[in-house]
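Worksheet: one structure, shown below.
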Amino acid sequence: MQTGSRRVGPASLRVRQSNAFNALPMHMRGGLREITSVEVPADQQRKGYATTLMHKVCLEADDVGMVLVLWPNPFGEHIAMSRGQLVDWYAREFGFALIQSEPVLMARMPGSTLRVLALTPLADAVARGLAA
């Protein structure tokens with residue numbers, strides 16, 4: 001998985017190899033990428049841009065078997081979500097799990113996100129509780 005910036009509309013983030021994980025054995029570092037600087041301008045928040053961007057990055061990581069990590073910290077001038085809301089969003093929407101509580105660190109194993117868009121009509125009905 002290539003490092004660098006990613007964008008969907010006004011949403012952006014960076015994927016990088018982090019020095020924070022130098023304590024890991026060398027063979028494990030190659031399969032790990034850190035997501036940083038997830039940003040959306042205040043007037044464009046809550047329109048799905050960041051969600052779409054994160055899904056794209058998660059699918060990219062899945063395709064190459066990469067573990068993703070992030071430190072969910074609100075930052076910027078117009079912060080729309082608290083740390084708790086970010087933790088919930090990353091867990092619910094993308095399959096990240098809390099692996100450290102202070103400082104808060106989350107990780108996502110490959111394949112942790114439901115591929116909702118790939119569901120058949122019957123599977124979608126089951127997922128929504130409309131069919132048995």
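Labeling convention for the structure tokens: chains A, B, ... as they appear, residues from 1 per chain, ligands from 1 in order of appearance.
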
Backbone DSSP call of alpha helix (DSSP H) for range 20-128 of chain A, listed as a PyMOL selection string:
chain A and resi 26-29+49-64+83-94+121-127

For the selection you just gave me, I'd like the residues written to a file as an mmCIF file, in the first residue's frame, keeping C-alpha atoms.
data_model
loop_
_atom_site.group_PDB
_atom_site.id
_atom_site.type_symbol
_atom_site.label_atom_id
_atom_site.label_comp_id
_atom_site.auth_asym_id
_atom_site.auth_seq_id
_atom_site.Cartn_x
_atom_site.Cartn_y
_atom_site.Cartn_z
ATOM 1 C CA MET A 26 10.891 -5.526 11.293
ATOM 2 C CA HIS A 27 8.817 -8.274 9.629
ATOM 3 C CA MET A 28 5.634 -6.798 11.146
ATOM 4 C CA ARG A 29 6.237 -3.158 10.172
ATOM 5 C CA TYR A 49 -16.901 12.695 2.173
ATOM 6 C CA ALA A 50 -14.742 11.393 5.045
ATOM 7 C CA THR A 51 -16.765 8.166 5.248
ATOM 8 C CA THR A 52 -16.307 7.532 1.531
ATOM 9 C CA LEU A 53 -12.591 8.321 1.762
ATOM 10 C CA MET A 54 -12.086 6.010 4.749
ATOM 11 C CA HIS A 55 -13.974 3.180 3.004
ATOM 12 C CA LYS A 56 -11.732 3.577 -0.047
ATOM 13 C CA VAL A 57 -8.582 3.459 2.087
ATOM 14 C CA CYS A 58 -9.881 0.437 4.024
ATOM 15 C CA LEU A 59 -10.645 -1.423 0.784
ATOM 16 C CA GLU A 60 -7.183 -0.525 -0.517
ATOM 17 C CA ALA A 61 -5.655 -1.966 2.674
ATOM 18 C CA ASP A 62 -7.836 -5.085 2.378
ATOM 19 C CA ASP A 63 -6.639 -5.692 -1.175
ATOM 20 C CA VAL A 64 -3.010 -5.952 0.016
ATOM 21 C CA ARG A 83 -12.692 11.754 20.739
ATOM 22 C CA GLY A 84 -15.422 9.368 21.943
ATOM 23 C CA GLN A 85 -17.504 10.033 18.840
ATOM 24 C CA LEU A 86 -14.452 9.439 16.637
ATOM 25 C CA VAL A 87 -13.684 6.136 18.389
ATOM 26 C CA ASP A 88 -17.289 5.040 17.864
ATOM 27 C CA TRP A 89 -17.302 6.158 14.204
ATOM 28 C CA TYR A 90 -14.044 4.355 13.337
ATOM 29 C CA ALA A 91 -15.250 1.179 15.091
ATOM 30 C CA ARG A 92 -18.823 1.155 13.743
ATOM 31 C CA GLU A 93 -18.163 2.254 10.176
ATOM 32 C CA PHE A 94 -14.770 0.728 9.405
ATOM 33 C CA PRO A 121 -30.998 -7.517 -2.277
ATOM 34 C CA LEU A 122 -31.724 -10.537 -0.035
ATOM 35 C CA ALA A 123 -28.543 -10.066 2.013
ATOM 36 C CA ASP A 124 -29.358 -6.361 2.330
ATOM 37 C CA ALA A 125 -32.850 -7.215 3.628
ATOM 38 C CA VAL A 126 -31.357 -9.635 6.155
ATOM 39 C CA ALA A 127 -28.800 -7.049 7.285
#

Shortest interatomic distance to Ile79 in chain A - which of A:Ile35, A:Ala20, A:Ala42, A:Ala11, counting only C-alpha atoms:
A:Ala42

If you run DSSP on the backbone, which residues of chain A are strand (DSSP E or B), as a ChimeraX atom specification?
/A:4-8,11-16,32-39,67-70,97-101,104-108

Would you pick out the contacts of Pro41 in chain A at 12 Å or less, using only C-alpha atoms, so that residues sharing its chain but fewer than 4 positions from it are not included, and give the list as a PyMOL selection string?
chain A and resi 9-12+45-47+49-50+75-80

Go through A:Met1, A:Val38, A:Leu24, A:Met81 one by one, measure the shortest atom-to-atom distance of each to Val67 in chain A using only C-alpha atoms, and give the residue with the smallest value.
A:Met1
